[in-house]
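Structure data follow from protein_34.pdb (PDB, C-alpha atoms):
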```pdb
ATOM      1  CA  MET A   1     -21.305  38.427  25.203
ATOM      2  CA  ALA A   2     -23.927  37.088  27.560
ATOM      3  CA  GLU A   3     -26.817  38.988  26.032
ATOM      4  CA  PRO A   4     -28.095  37.640  22.734
ATOM      5  CA  MET A   5     -27.031  39.590  19.675
ATOM      6  CA  THR A   6     -30.186  40.546  17.836
ATOM      7  CA  GLU A   7     -30.630  42.758  14.807
ATOM      8  CA  ALA A   8     -32.288  45.382  16.997
ATOM      9  CA  GLY A   9     -29.553  45.209  19.611
ATOM     10  CA  PRO A  10     -25.800  45.642  19.489
ATOM     11  CA  VAL A  11     -25.487  44.258  15.961
ATOM     12  CA  ALA A  12     -27.433  47.163  14.493
ATOM     13  CA  LEU A  13     -25.472  49.682  16.535
ATOM     14  CA  ARG A  14     -21.923  48.531  15.896
ATOM     15  CA  THR A  15     -19.531  50.523  13.710
ATOM     16  CA  SER A  16     -16.647  48.933  11.839
ATOM     17  CA  PRO A  17     -13.104  50.212  12.526
ATOM     18  CA  LEU A  18     -12.826  51.479   8.944
ATOM     19  CA  ALA A  19     -16.336  52.865   8.399
ATOM     20  CA  HIS A  20     -14.901  56.391   8.255
ATOM     21  CA  LEU A  21     -12.525  55.420   5.401
ATOM     22  CA  GLU A  22     -15.127  53.656   3.255
ATOM     23  CA  GLU A  23     -15.531  56.572   0.860
ATOM     24  CA  ARG A  24     -11.764  57.097   0.493
ATOM     25  CA  MET A  25     -11.125  53.407  -0.104
ATOM     26  CA  ARG A  26     -13.755  53.399  -2.855
ATOM     27  CA  ALA A  27     -12.256  56.510  -4.433
ATOM     28  CA  ALA A  28      -8.769  54.966  -4.343
ATOM     29  CA  ALA A  29      -9.803  52.033  -6.547
ATOM     30  CA  VAL A  30      -7.748  51.805  -9.729
ATOM     31  CA  PRO A  31      -9.399  50.214 -12.791
ATOM     32  CA  GLY A  32      -7.767  48.498 -15.728
ATOM     33  CA  ALA A  33      -4.807  46.220 -16.328
ATOM     34  CA  ARG A  34      -2.877  47.772 -13.438
ATOM     35  CA  GLY A  35      -5.988  47.842 -11.311
ATOM     36  CA  VAL A  36      -6.268  47.351  -7.589
ATOM     37  CA  THR A  37      -9.191  47.775  -5.220
ATOM     38  CA  LEU A  38      -9.464  48.017  -1.463
ATOM     39  CA  THR A  39     -12.554  47.218   0.560
ATOM     40  CA  GLU A  40     -13.353  46.378   4.145
ATOM     41  CA  ARG A  41     -15.257  43.226   5.007
ATOM     42  CA  PRO A  42     -16.204  43.985   8.587
ATOM     43  CA  PHE A  43     -17.698  41.859  11.331
ATOM     44  CA  LEU A  44     -16.299  38.518  10.262
ATOM     45  CA  THR A  45     -16.500  35.977  13.056
ATOM     46  CA  MET A  46     -13.069  34.941  14.346
ATOM     47  CA  VAL A  47     -12.472  32.379  17.037
ATOM     48  CA  ASN A  48      -9.028  31.790  18.488
ATOM     49  CA  LEU A  49      -8.541  28.114  19.143
ATOM     50  CA  ARG A  50      -5.847  26.477  21.238
ATOM     51  CA  VAL A  51      -5.679  22.720  21.642
ATOM     52  CA  GLY A  52      -2.970  20.078  21.586
ATOM     53  CA  PRO A  53      -2.417  19.007  17.957
ATOM     54  CA  GLY A  54      -3.275  15.384  17.385
ATOM     55  CA  SER A  55      -5.119  15.069  20.701
ATOM     56  CA  GLU A  56      -8.576  13.538  21.079
ATOM     57  CA  ALA A  57      -9.995  17.009  21.728
ATOM     58  CA  ALA A  58      -8.471  18.168  18.421
ATOM     59  CA  ASP A  59     -10.234  15.246  16.703
ATOM     60  CA  ARG A  60     -13.550  16.285  18.242
ATOM     61  CA  ILE A  61     -13.004  19.888  17.123
ATOM     62  CA  GLU A  62     -12.124  18.789  13.593
ATOM     63  CA  HIS A  63     -15.337  16.756  13.558
ATOM     64  CA  THR A  64     -17.337  19.787  14.758
ATOM     65  CA  LEU A  65     -15.820  22.109  12.158
ATOM     66  CA  GLY A  66     -15.878  19.511   9.403
ATOM     67  CA  ALA A  67     -12.331  20.590   8.542
ATOM     68  CA  ARG A  68      -8.896  19.388   9.544
ATOM     69  CA  LEU A  69      -6.763  21.679  11.691
ATOM     70  CA  PRO A  70      -3.822  22.617   9.426
ATOM     71  CA  ARG A  71      -0.531  21.376  10.818
ATOM     72  CA  ARG A  72       2.002  23.540   9.022
ATOM     73  CA  CYS A  73       2.658  27.261   8.812
ATOM     74  CA  GLY A  74       0.732  28.878   5.967
ATOM     75  CA  ASP A  75      -1.787  26.085   5.496
ATOM     76  CA  THR A  76      -5.512  26.691   5.659
ATOM     77  CA  THR A  77      -8.458  24.335   5.534
ATOM     78  CA  SER A  78     -12.077  25.192   4.953
ATOM     79  CA  ALA A  79     -15.483  23.606   5.213
ATOM     80  CA  GLY A  80     -18.841  25.321   4.743
ATOM     81  CA  PRO A  81     -18.711  28.774   6.377
ATOM     82  CA  HIS A  82     -15.453  28.079   8.247
ATOM     83  CA  THR A  83     -11.822  28.581   7.277
ATOM     84  CA  VAL A  84      -9.151  27.455   9.724
ATOM     85  CA  VAL A  85      -5.845  29.324   9.644
ATOM     86  CA  TRP A  86      -2.621  28.104  11.249
ATOM     87  CA  LEU A  87      -1.295  30.601  13.827
ATOM     88  CA  GLY A  88       1.125  28.400  15.774
ATOM     89  CA  PRO A  89       1.861  24.739  16.472
ATOM     90  CA  ASP A  90      -1.086  24.563  18.888
ATOM     91  CA  GLU A  91      -3.011  27.664  17.889
ATOM     92  CA  TRP A  92      -5.495  28.340  15.104
ATOM     93  CA  LEU A  93      -7.849  31.087  14.011
ATOM     94  CA  VAL A  94     -11.272  30.016  12.788
ATOM     95  CA  LEU A  95     -12.673  32.564  10.319
ATOM     96  CA  SER A  96     -16.341  32.110   9.770
ATOM     97  CA  SER A  97     -19.557  33.686   8.596
ATOM     98  CA  ALA A  98     -21.406  31.790  11.326
ATOM     99  CA  GLU A  99     -22.583  33.515  14.485
ATOM    100  CA  GLY A 100     -19.662  34.013  16.853
ATOM    101  CA  ALA A 101     -21.308  33.070  20.146
ATOM    102  CA  VAL A 102     -22.799  29.905  18.643
ATOM    103  CA  LEU A 103     -19.542  28.798  17.029
ATOM    104  CA  THR A 104     -17.560  29.469  20.215
ATOM    105  CA  ALA A 105     -20.057  27.466  22.276
ATOM    106  CA  GLU A 106     -19.823  24.556  19.819
ATOM    107  CA  LEU A 107     -16.033  24.582  19.901
ATOM    108  CA  ARG A 108     -15.983  24.799  23.699
ATOM    109  CA  ALA A 109     -18.329  21.833  23.904
ATOM    110  CA  ALA A 110     -16.058  19.884  21.541
ATOM    111  CA  LEU A 111     -12.987  20.832  23.565
ATOM    112  CA  GLY A 112     -14.603  19.513  26.741
ATOM    113  CA  PRO A 113     -12.321  19.259  29.770
ATOM    114  CA  ALA A 114      -9.152  18.957  27.679
ATOM    115  CA  PRO A 115      -6.506  21.680  28.046
ATOM    116  CA  GLY A 116      -7.081  24.459  25.541
ATOM    117  CA  SER A 117      -9.374  27.341  24.783
ATOM    118  CA  ALA A 118     -11.855  28.681  22.249
ATOM    119  CA  VAL A 119     -12.318  32.439  22.477
ATOM    120  CA  ASP A 120     -14.418  34.728  20.315
ATOM    121  CA  VAL A 121     -11.931  37.367  19.106
ATOM    122  CA  SER A 122     -14.085  38.817  16.323
ATOM    123  CA  ALA A 123     -13.604  42.361  17.596
ATOM    124  CA  ASN A 124      -9.818  41.941  17.744
ATOM    125  CA  ARG A 125      -9.222  42.344  14.036
ATOM    126  CA  THR A 126     -10.979  43.666  10.992
ATOM    127  CA  THR A 127     -10.667  42.473   7.412
ATOM    128  CA  LEU A 128      -9.275  44.441   4.481
ATOM    129  CA  GLU A 129      -9.579  42.967   1.024
ATOM    130  CA  LEU A 130      -6.990  44.020  -1.540
ATOM    131  CA  SER A 131      -7.665  42.725  -5.032
ATOM    132  CA  GLY A 132      -6.544  43.214  -8.605
ATOM    133  CA  PRO A 133      -3.534  42.668 -10.872
ATOM    134  CA  SER A 134      -1.393  45.215  -8.985
ATOM    135  CA  SER A 135      -2.288  44.112  -5.470
ATOM    136  CA  ARG A 136       0.874  42.040  -5.066
ATOM    137  CA  GLN A 137       3.021  45.039  -6.026
ATOM    138  CA  VAL A 138       1.140  47.187  -3.514
ATOM    139  CA  LEU A 139       1.876  44.734  -0.708
ATOM    140  CA  GLU A 140       5.477  44.262  -1.805
ATOM    141  CA  LYS A 141       6.130  47.897  -0.930
ATOM    142  CA  GLY A 142       5.976  47.018   2.736
ATOM    143  CA  CYS A 143       5.851  43.277   3.310
ATOM    144  CA  PRO A 144       9.105  41.403   4.029
ATOM    145  CA  LEU A 145       7.602  38.102   2.909
ATOM    146  CA  ASP A 146       8.105  36.583  -0.545
ATOM    147  CA  LEU A 147       4.697  37.038  -2.172
ATOM    148  CA  HIS A 148       5.695  35.592  -5.560
ATOM    149  CA  PRO A 149       3.403  32.740  -6.662
ATOM    150  CA  ARG A 150       6.276  30.271  -6.209
ATOM    151  CA  ALA A 151       6.226  31.065  -2.469
ATOM    152  CA  LEU A 152       2.662  32.151  -1.690
ATOM    153  CA  GLY A 153      -0.428  30.955  -3.501
ATOM    154  CA  PRO A 154      -4.185  30.843  -3.073
ATOM    155  CA  GLY A 155      -5.246  29.262   0.188
ATOM    156  CA  ARG A 156      -2.081  30.269   2.026
ATOM    157  CA  ALA A 157      -2.261  32.455   5.138
ATOM    158  CA  VAL A 158       0.705  33.725   7.140
ATOM    159  CA  SER A 159       1.342  36.182   9.936
ATOM    160  CA  THR A 160       3.636  38.976   8.824
ATOM    161  CA  THR A 161       3.885  42.752   8.656
ATOM    162  CA  VAL A 162       2.656  45.221   6.057
ATOM    163  CA  GLY A 163       4.396  48.506   6.625
ATOM    164  CA  PRO A 164       4.881  48.586  10.376
ATOM    165  CA  VAL A 165       1.564  46.857  11.088
ATOM    166  CA  ALA A 166       1.402  43.190  12.083
ATOM    167  CA  VAL A 167      -1.245  41.440  10.012
ATOM    168  CA  LEU A 168      -2.484  38.011   9.167
ATOM    169  CA  LEU A 169      -2.197  37.845   5.374
ATOM    170  CA  TRP A 170      -4.401  35.404   3.511
ATOM    171  CA  GLN A 171      -4.269  34.998  -0.261
ATOM    172  CA  VAL A 172      -7.755  34.037  -1.360
ATOM    173  CA  ASP A 173      -7.431  33.593  -5.124
ATOM    174  CA  ASP A 174      -5.276  34.123  -8.197
ATOM    175  CA  ALA A 175      -6.616  37.618  -9.123
ATOM    176  CA  PRO A 176      -4.708  37.984  -6.802
ATOM    177  CA  THR A 177      -6.995  38.787  -3.895
ATOM    178  CA  TYR A 178      -5.497  39.172  -0.441
ATOM    179  CA  ARG A 179      -7.279  39.545   2.849
ATOM    180  CA  LEU A 180      -5.398  41.400   5.543
ATOM    181  CA  PHE A 181      -6.370  41.049   9.170
ATOM    182  CA  PRO A 182      -4.850  43.897  11.209
ATOM    183  CA  ARG A 183      -5.788  44.624  14.790
ATOM    184  CA  SER A 184      -8.751  47.002  14.822
ATOM    185  CA  SER A 185      -6.774  49.846  16.338
ATOM    186  CA  PHE A 186      -4.131  49.624  13.576
ATOM    187  CA  ALA A 187      -6.693  49.297  10.775
ATOM    188  CA  ASP A 188      -6.996  53.038  10.208
ATOM    189  CA  TYR A 189      -3.238  53.384   9.718
ATOM    190  CA  LEU A 190      -3.047  50.336   7.460
ATOM    191  CA  GLY A 191      -6.041  51.513   5.413
ATOM    192  CA  ARG A 192      -4.394  54.890   4.795
ATOM    193  CA  TRP A 193      -1.043  53.204   4.108
ATOM    194  CA  LEU A 194      -2.637  50.995   1.437
ATOM    195  CA  ILE A 195      -4.565  53.878  -0.138
ATOM    196  CA  ASP A 196      -1.277  55.744  -0.451
ATOM    197  CA  ALA A 197       0.509  52.694  -1.850
ATOM    198  CA  MET A 198      -2.228  52.197  -4.475
ATOM    199  CA  GLU A 199      -1.995  55.751  -5.763
ATOM    200  CA  GLU A 200       0.896  55.235  -8.216
ATOM    201  CA  PHE A 201      -0.931  52.554 -10.208
ATOM    202  CA  ARG A 202      -3.416  55.157 -11.418
ATOM    203  CA  GLY A 203      -0.803  56.566 -13.783
ATOM    204  CA  PRO A 204       1.223  54.879 -16.538
ATOM    205  CA  GLU A 205       4.026  52.522 -15.522
ATOM    206  CA  VAL A 206       7.315  54.282 -14.926
ATOM    207  CA  PRO A 207      10.015  52.422 -16.863
TER     208      PRO A 207
ATOM    209  CA  MET B   1      19.297  42.278   8.427
ATOM    210  CA  LEU B   2      19.481  38.731   9.708
ATOM    211  CA  LEU B   3      17.475  35.995   8.041
ATOM    212  CA  ILE B   4      16.447  33.688  10.870
ATOM    213  CA  THR B   5      14.726  30.355  10.347
ATOM    214  CA  CYS B   6      11.889  29.804  12.792
ATOM    215  CA  PRO B   7      11.549  26.070  13.514
ATOM    216  CA  TRP B   8       7.820  26.346  12.786
ATOM    217  CA  CYS B   9       7.478  29.136  10.206
ATOM    218  CA  GLY B  10      10.676  28.903   8.165
ATOM    219  CA  PRO B  11      13.007  31.741   7.144
ATOM    220  CA  ARG B  12      11.786  35.227   8.076
ATOM    221  CA  ASP B  13      13.350  38.653   8.434
ATOM    222  CA  GLU B  14      14.910  39.669  11.729
ATOM    223  CA  THR B  15      12.227  42.365  12.172
ATOM    224  CA  GLU B  16       9.641  39.653  12.900
ATOM    225  CA  TYR B  17      11.572  38.474  15.968
ATOM    226  CA  HIS B  18      12.462  39.547  19.457
ATOM    227  CA  TYR B  19      15.804  38.784  21.032
ATOM    228  CA  GLY B  20      15.898  36.902  24.338
ATOM    229  CA  GLY B  21      19.555  36.786  25.358
ATOM    230  CA  GLN B  22      21.760  33.796  26.047
ATOM    231  CA  ALA B  23      20.157  30.356  25.860
ATOM    232  CA  HIS B  24      20.737  27.428  28.192
ATOM    233  CA  VAL B  25      20.994  29.455  31.406
ATOM    234  CA  PRO B  26      19.374  27.129  33.947
ATOM    235  CA  TYR B  27      17.259  28.583  36.728
ATOM    236  CA  PRO B  28      18.908  27.820  40.085
ATOM    237  CA  GLU B  29      17.550  24.655  41.639
ATOM    238  CA  THR B  30      17.430  26.171  45.115
ATOM    239  CA  PRO B  31      17.194  29.927  44.586
ATOM    240  CA  ALA B  32      16.634  30.593  48.293
ATOM    241  CA  ASP B  33      20.046  29.165  49.173
ATOM    242  CA  LEU B  34      22.011  31.348  46.776
ATOM    243  CA  THR B  35      24.398  33.978  48.067
ATOM    244  CA  ASP B  36      24.022  37.486  46.673
ATOM    245  CA  GLU B  37      27.071  36.888  44.551
ATOM    246  CA  GLN B  38      25.681  33.676  43.064
ATOM    247  CA  TRP B  39      22.314  35.340  42.456
ATOM    248  CA  ALA B  40      23.988  38.278  40.723
ATOM    249  CA  ALA B  41      25.942  35.840  38.572
ATOM    250  CA  TYR B  42      22.692  34.123  37.550
ATOM    251  CA  VAL B  43      20.773  37.337  36.879
ATOM    252  CA  PHE B  44      23.377  39.584  35.290
ATOM    253  CA  TYR B  45      26.396  37.639  34.087
ATOM    254  CA  ARG B  46      26.309  36.279  30.558
ATOM    255  CA  ASP B  47      28.905  34.858  28.252
ATOM    256  CA  ASN B  48      30.232  37.110  25.520
ATOM    257  CA  PRO B  49      32.025  34.794  23.145
ATOM    258  CA  LYS B  50      33.519  35.665  19.803
ATOM    259  CA  GLY B  51      32.102  32.978  17.559
ATOM    260  CA  PRO B  52      29.112  30.627  17.814
ATOM    261  CA  PHE B  53      26.690  31.687  20.538
ATOM    262  CA  ALA B  54      23.418  30.002  21.543
ATOM    263  CA  GLU B  55      20.720  32.585  22.092
ATOM    264  CA  ARG B  56      16.975  32.723  22.512
ATOM    265  CA  TRP B  57      14.675  34.360  19.983
ATOM    266  CA  MET B  58      10.917  34.701  19.818
ATOM    267  CA  HIS B  59       8.923  34.877  16.606
ATOM    268  CA  SER B  60       6.721  37.668  17.923
ATOM    269  CA  ILE B  61       5.025  38.586  14.631
ATOM    270  CA  GLY B  62       4.478  34.970  13.566
ATOM    271  CA  CYS B  63       3.809  31.935  15.710
ATOM    272  CA  ARG B  64       4.860  33.644  18.987
ATOM    273  CA  ARG B  65       7.046  30.729  20.044
ATOM    274  CA  TRP B  66      10.444  30.859  21.702
ATOM    275  CA  PHE B  67      13.283  28.905  20.157
ATOM    276  CA  ASN B  68      17.068  28.879  20.140
ATOM    277  CA  VAL B  69      19.454  30.132  17.495
ATOM    278  CA  LEU B  70      23.156  29.433  17.074
ATOM    279  CA  ARG B  71      24.667  32.623  15.734
ATOM    280  CA  ASP B  72      28.250  33.605  15.083
ATOM    281  CA  THR B  73      28.795  36.848  16.975
ATOM    282  CA  ALA B  74      31.752  37.797  14.791
ATOM    283  CA  THR B  75      30.199  37.287  11.368
ATOM    284  CA  HIS B  76      26.485  37.537  12.339
ATOM    285  CA  GLU B  77      25.959  34.315  10.415
ATOM    286  CA  VAL B  78      22.927  32.393  11.664
ATOM    287  CA  LEU B  79      24.325  28.863  11.897
ATOM    288  CA  THR B  80      21.216  26.945  12.878
ATOM    289  CA  SER B  81      18.010  27.206  14.871
ATOM    290  CA  TYR B  82      16.343  24.589  17.019
ATOM    291  CA  ARG B  83      13.375  24.123  19.315
ATOM    292  CA  LEU B  84      13.588  24.552  23.073
ATOM    293  CA  ASP B  85      13.125  20.814  23.626
ATOM    294  CA  GLU B  86      16.030  19.964  21.360
ATOM    295  CA  PRO B  87      19.646  19.878  22.579
ATOM    296  CA  ARG B  88      22.181  22.368  21.322
ATOM    297  CA  PRO B  89      23.453  21.005  18.008
ATOM    298  CA  GLU B  90      27.128  20.151  17.841
ATOM    299  CA  LEU B  91      29.147  22.303  15.510
ATOM    300  CA  PRO B  92      32.580  21.475  14.120
ATOM    301  CA  GLN B  93      34.004  24.438  16.036
ATOM    302  CA  ALA B  94      31.736  24.563  19.070
ATOM    303  CA  GLY B  95      32.940  26.664  21.954
ATOM    304  CA  GLY B  96      32.631  29.926  23.778
ATOM    305  CA  ASN B  97      29.429  28.911  25.481
ATOM    306  CA  ARG B  98      28.508  26.762  28.453
TER     307      ARG B  98
END
```
Rewrite the structure from the file as structure tokens, please.
Amino acid sequence: MAEPMTEAGPVALRTSPLAHLEERMRAAAVPGARGVTLTERPFLTMVNLRVGPGSEAADRIEHTLGARLPRRCGDTTSAGPHTVVWLGPDEWLVLSSAEGAVLTAELRAALGPAPGSAVDVSANRTTLELSGPSSRQVLEKGCPLDLHPRALGPGRAVSTTVGPVAVLLWQVDDAPTYRLFPRSSFADYLGRWLIDAMEEFRGPEVP
Amino acid sequence: MLLITCPWCGPRDETEYHYGGQAHVPYPETPADLTDEQWAAYVFYRDNPKGPFAERWMHSIGCRRWFNVLRDTATHEVLTSYRLDEPRPELPQAGGNR
């Protein structure tokens, strides 16, 4: 982390946890009214943030991010390149397209000497994007959470499981599009699990 | 399958949680002065009531926080859940626990 990440350096050399499944995920896409697609959006910056809610340090961090820290389970806030996801009563995950080292340094500066932490955990998880009219049915095969629009809507993000894999599940829009954040080492299993779960939507609906 | 309400995340399936045994077992104030028998009682001996039982659970898949649950050991009914800094709620038929 100390050495600067340049295009010629580690950034150009890194491989995403699902690079080897890219072709299979593309082939698994189902078009049409029962359509569903699966893609990986690798190398998203993620910063784990811990700070006392409502403290002065939290105010400084909210000012730095330009977004409030959500206070309830499932809530997200966003501003510019950042989206803040609630992980616990004093824990958040900042998803961002900004550079990880820069964002972490900014958050650490805002935290100051107050108790808490800001840690770049970008390599901890990868991002799978599941989109299309059937995507909710695909997830419902293995997610214990109520994904019906009355319970989960766009802009909601919750920690749960899909199959046996613990993920952070974020519904992005009404398509519906979901982003799943599994740990990198479980991503291969989850990717294959989702490809398998998508398979049935290729054929006609079984009454 | 139990449906347990996490004080922070709301109702979730039992599979999202880890069990932590009996709640409200205070750590001995002067552990060095305990006899072997007293130490064994603290470490190994737990209540086993039939009826409401206060126990610790952790929402390991969600917010990763410990909290307490009042559960009926006979019917498996989850009566209530509460944070660690809250006292054990009174129930109409409380008992079987210290």
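Near chain B, the residues of chain A that fall inside 9 Å (using all atoms listed in the file) are Arg72, Cys73, Gly74, Trp86, Leu87, Gly88, Pro89, Glu91, Pro144, Leu145, Val158, Ser159, Thr160, Thr161, Ala166, Val167 and Leu168 of chain A.
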Contacts of Leu44 (chain A) at 12 Å or less, counting all atoms listed in the file, minus same-chain residues fewer than 4 places along, as a PDB file with C-alpha atoms, keeping the file's coordinate frame?
```pdb
ATOM      1  CA  SER A  16     -16.647  48.933  11.839  1.00  0.00           C
ATOM      2  CA  GLU A  40     -13.353  46.378   4.145  1.00  0.00           C
ATOM      3  CA  PRO A  81     -18.711  28.774   6.377  1.00  0.00           C
ATOM      4  CA  HIS A  82     -15.453  28.079   8.247  1.00  0.00           C
ATOM      5  CA  THR A  83     -11.822  28.581   7.277  1.00  0.00           C
ATOM      6  CA  LEU A  93      -7.849  31.087  14.011  1.00  0.00           C
ATOM      7  CA  VAL A  94     -11.272  30.016  12.788  1.00  0.00           C
ATOM      8  CA  LEU A  95     -12.673  32.564  10.319  1.00  0.00           C
ATOM      9  CA  SER A  96     -16.341  32.110   9.770  1.00  0.00           C
ATOM     10  CA  SER A  97     -19.557  33.686   8.596  1.00  0.00           C
ATOM     11  CA  ALA A  98     -21.406  31.790  11.326  1.00  0.00           C
ATOM     12  CA  GLU A  99     -22.583  33.515  14.485  1.00  0.00           C
ATOM     13  CA  GLY A 100     -19.662  34.013  16.853  1.00  0.00           C
ATOM     14  CA  ASP A 120     -14.418  34.728  20.315  1.00  0.00           C
ATOM     15  CA  VAL A 121     -11.931  37.367  19.106  1.00  0.00           C
ATOM     16  CA  SER A 122     -14.085  38.817  16.323  1.00  0.00           C
ATOM     17  CA  ALA A 123     -13.604  42.361  17.596  1.00  0.00           C
ATOM     18  CA  ASN A 124      -9.818  41.941  17.744  1.00  0.00           C
ATOM     19  CA  ARG A 125      -9.222  42.344  14.036  1.00  0.00           C
ATOM     20  CA  THR A 126     -10.979  43.666  10.992  1.00  0.00           C
ATOM     21  CA  THR A 127     -10.667  42.473   7.412  1.00  0.00           C
ATOM     22  CA  LEU A 128      -9.275  44.441   4.481  1.00  0.00           C
ATOM     23  CA  ARG A 179      -7.279  39.545   2.849  1.00  0.00           C
ATOM     24  CA  PHE A 181      -6.370  41.049   9.170  1.00  0.00           C
TER      25      PHE A 181
END
```
Q: For each of A:Leu107, A:Leu38, A:Leu13, A:Ala33, take the minimum atom-to-atom distance to Arg192 (chain A), counting only C-alpha atoms, then give the residue where this is smallest.
A: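 Counting only C-alpha atoms, the residue closest to Arg192 (chain A) is A:Leu38.
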The PyMOL selection byres ((chain A and resi 143) around 10) - which residues does that actually catch in the file I just gave you? List them as an mmCIF file with C-alpha atoms, keeping the file's coordinate frame.
```cif
data_model
loop_
_atom_site.group_PDB
_atom_site.id
_atom_site.type_symbol
_atom_site.label_atom_id
_atom_site.label_comp_id
_atom_site.auth_asym_id
_atom_site.auth_seq_id
_atom_site.Cartn_x
_atom_site.Cartn_y
_atom_site.Cartn_z
ATOM 1 C CA ARG A 136 0.874 42.040 -5.066
ATOM 2 C CA GLN A 137 3.021 45.039 -6.026
ATOM 3 C CA VAL A 138 1.140 47.187 -3.514
ATOM 4 C CA LEU A 139 1.876 44.734 -0.708
ATOM 5 C CA GLU A 140 5.477 44.262 -1.805
ATOM 6 C CA LYS A 141 6.130 47.897 -0.930
ATOM 7 C CA GLY A 142 5.976 47.018 2.736
ATOM 8 C CA PRO A 144 9.105 41.403 4.029
ATOM 9 C CA LEU A 145 7.602 38.102 2.909
ATOM 10 C CA ASP A 146 8.105 36.583 -0.545
ATOM 11 C CA LEU A 147 4.697 37.038 -2.172
ATOM 12 C CA THR A 160 3.636 38.976 8.824
ATOM 13 C CA THR A 161 3.885 42.752 8.656
ATOM 14 C CA VAL A 162 2.656 45.221 6.057
ATOM 15 C CA GLY A 163 4.396 48.506 6.625
ATOM 16 C CA PRO A 164 4.881 48.586 10.376
ATOM 17 C CA VAL A 165 1.564 46.857 11.088
ATOM 18 C CA ALA A 166 1.402 43.190 12.083
ATOM 19 C CA VAL A 167 -1.245 41.440 10.012
ATOM 20 C CA LEU A 169 -2.197 37.845 5.374
#
```
Q: Determine the residue membership of the PyMOL selection byres ((chain B and resi 69) around 6) for the file above and supply it as a PyMOL selection string.
A: chain B and resi 54-55+68+70+80-81
Emit the selected residues as a JSON list (two decimals), in the frame of the given file, including C-alpha atoms.
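And here is the file that came out, part-v5.json:
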```json
[["chain", "number", "residue", "atom", "x", "y", "z"],
["B", 54, "ALA", "CA", 23.42, 30.00, 21.54],
["B", 55, "GLU", "CA", 20.72, 32.58, 22.09],
["B", 68, "ASN", "CA", 17.07, 28.88, 20.14],
["B", 70, "LEU", "CA", 23.16, 29.43, 17.07],
["B", 80, "THR", "CA", 21.22, 26.94, 12.88],
["B", 81, "SER", "CA", 18.01, 27.21, 14.87]]
```
Q | Using all atoms listed in the file: which of B:His24, B:Thr5, B:Thr35, B:Asp72 has the shortest distance to Glu86 (chain B) | A | B:His24
Q: Mind giving me the straight-line distance from CA of Val172 (chain A) to CA of Leu103 (chain A) in Å, one decimal?
A: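 Between CA of Val172 (chain A) and CA of Leu103 (chain A) the gap works out to 22.5 Å.
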Q. Looking at B:Val43, B:Gly51, B:Leu84, B:Ala74, which one is nearest to Pro31 (chain B), with distances taken over only C-alpha atoms?
A. B:Val43
(Q) Rounded to one decimal, what separation in Å do you get between CA of Met46 (chain A) and CA of Val102 (chain A)? (A)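 If I compute the distance from CA of Met46 (chain A) to CA of Val102 (chain A), I get 11.8 Å.
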Q | Non-local contacts of Gly66 (chain A) (9 Å; all atoms listed in the file; under 3 positions in same chain excluded) as a list of chain:residue names | A |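 So, after excluding close chain neighbours, the residues are A:Ile61, A:Glu62, A:His63, A:Ser78, A:Ala79, A:Gly80, A:His82.
The coordinates place CA of Leu180 (chain A) at 20.0 Å from CA of Arg150 (chain A).
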Kindly add N, CA and C atoms to the incomplete region 116-126 of chain A and provide the output as a CSV table (one decimal), keeping the file's coordinate frame.
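Below you can see selection33.csv, which holds the result:
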```csv
chain,number,residue,atom,x,y,z
A,116,GLY,N,-6.9,23.7,26.8
A,116,GLY,CA,-7.1,24.5,25.5
A,116,GLY,C,-8.1,25.6,25.7
A,117,SER,N,-8.4,26.3,24.7
A,117,SER,CA,-9.4,27.3,24.8
A,117,SER,C,-10.0,27.6,23.4
A,118,ALA,N,-11.2,28.2,23.5
A,118,ALA,CA,-11.9,28.7,22.2
A,118,ALA,C,-12.5,30.0,22.6
A,119,VAL,N,-11.9,31.1,22.1
A,119,VAL,CA,-12.3,32.4,22.5
A,119,VAL,C,-12.8,33.2,21.3
A,120,ASP,N,-13.9,33.9,21.4
A,120,ASP,CA,-14.4,34.7,20.3
A,120,ASP,C,-13.6,36.0,20.3
A,121,VAL,N,-12.8,36.2,19.2
A,121,VAL,CA,-11.9,37.4,19.1
A,121,VAL,C,-12.3,38.2,17.9
A,122,SER,N,-13.6,38.1,17.5
A,122,SER,CA,-14.1,38.8,16.3
A,122,SER,C,-13.8,40.3,16.3
A,123,ALA,N,-13.8,40.9,17.5
A,123,ALA,CA,-13.6,42.4,17.6
A,123,ALA,C,-12.1,42.7,17.6
A,124,ASN,N,-11.3,41.7,17.7
A,124,ASN,CA,-9.8,41.9,17.7
A,124,ASN,C,-9.3,42.5,16.4
A,125,ARG,N,-9.8,41.9,15.3
A,125,ARG,CA,-9.2,42.3,14.0
A,125,ARG,C,-10.4,42.7,13.1
A,126,THR,N,-10.0,43.5,12.1
A,126,THR,CA,-11.0,43.7,11.0
A,126,THR,C,-10.4,43.1,9.7
```
